[in-house]
Structure formats: structure tokens, C-alpha cells
Amino acid sequence: MEILLDKRAVKQIRLSAQDAIEEGDTETLRDDILDSFSEDQVEEIERRIDTDFYDFLGDTLEEWSGEDVDELLDLLESQLADVGVELKFESVEAADDDADDDFDADDDDDLDAEEPVDDED
């Protein structure tokens, strides 16, 4: 089974992991990682690990040093690979590029199309 986490999910995990590093709280991180997977993906993973995915994530976070976001992603990837799930991540840099692409240059034209306001003093 192959799972591709989109760039927004990866960005959320990275931000949450950074918060966990700074604050030492992994509960929100665990929830954010869980939310990155669809319900069908979670069900399939749970069939393969014979346990609850939430607990699986807790065990993974216990193994994590809590110091490096990339280490967490690598650990999650390797833990899932052990049960036959190939986890892939879209790059966060691409998310930033797409955010720029979401701005349509034609949107500027809408500003020009506004009718001028007449000041009748």
C-alpha cells in the first residue's frame, strides 16, 4: 500500500512537530499526524498493525528524540514501511510555490474595474 501525504498535511505536521519540540507536548502532534490520514488509510494501516493507529503513533513519538522534524518523518516512514505501507511526502516547498500560484494575476484587473467614487462636495 502506498500513501502520499499532500504538501498541506506535511506542512501541518512540520509546524506541529516544531511546536512539540519547543513545548515538549506531543499530544497535539499525534492528533495532527492522525488527521493527515484519511479514514480509509487509517483503517488499512490498523488492519496491518493489528492495533489502534493512535497508539501506534504514540509509540512512534516515544521513539522520536523530539529534536528534529525530519527525523520524525523518517521514523514514521520507516515504522509504516515495516508493516507494508509506503509513505511518501510532497515537499513543503511545493506548497509555498502553490500558494503563490493561487494568486491569479487577473485578480488585479478586478481592482481596476471598480467604478470610481465621485466626491460631490
# chains A, B, ... in the order shown; residues from 1 in each chain; ligands from 1
>>> closest_atom_pairs(of="region 39-96 of chain A", to="region 2-16 of chain A", cutoff="12 Å", atoms="only C-alpha atoms", output="CSV")
residue,atom,partner,partner_atom,distance
A:Asp40,CA,A:Ile3,CA,10.8
A:Gln41,CA,A:Ile3,CA,7.6
A:Val42,CA,A:Ile3,CA,10.4
A:Glu44,CA,A:Ile3,CA,10.6
A:Ile45,CA,A:Ile3,CA,10.1
A:Gly66,CA,A:Ser16,CA,11.7
A:Asp68,CA,A:Arg14,CA,9.8
A:Val69,CA,A:Arg14,CA,6.2
A:Asp70,CA,A:Arg14,CA,8.3
A:Glu71,CA,A:Arg14,CA,10.9
A:Leu72,CA,A:Arg14,CA,9.1
A:Leu73,CA,A:Arg14,CA,8.6
A:Leu76,CA,A:Ile13,CA,11.3
A:Glu77,CA,A:Ile3,CA,10.1
A:Leu80,CA,A:Ile3,CA,10.0
A:Ala81,CA,A:Glu2,CA,9.6
A:Val83,CA,A:Glu2,CA,11.5
A:Gly84,CA,A:Glu2,CA,8.6
A:Val85,CA,A:Glu2,CA,5.7
A:Glu86,CA,A:Glu2,CA,4.6
A:Leu87,CA,A:Ile3,CA,4.9
A:Lys88,CA,A:Leu4,CA,4.7
A:Phe89,CA,A:Leu5,CA,5.0
A:Glu90,CA,A:Lys7,CA,4.8
A:Ser91,CA,A:Lys7,CA,5.8
A:Val92,CA,A:Lys7,CA,5.3
A:Glu93,CA,A:Lys7,CA,8.2
A:Ala94,CA,A:Lys7,CA,7.0
A:Ala95,CA,A:Lys7,CA,5.4
A:Asp96,CA,A:Lys7,CA,8.9
>>> atom_distance(atom1="CA of Glu27 (chain A)", atom2="CA of Leu75 (chain A)")
17.1 Å
>>> residues_around(residues="Thr60 (chain A)", least_positions_apart="3", cutoff="8 Å", atoms="only C-alpha atoms", output="list in words")
Phe56, Leu57, Glu63, Trp64, Leu75, Leu76 and Gln79 of chain A
>>> residues_around(residues="Gly58 (chain A)", least_positions_apart="3", cutoff="9 Å", atoms="only C-alpha atoms", output="PyMOL selection string")
chain A and resi 26-27+30+53-55+61-63
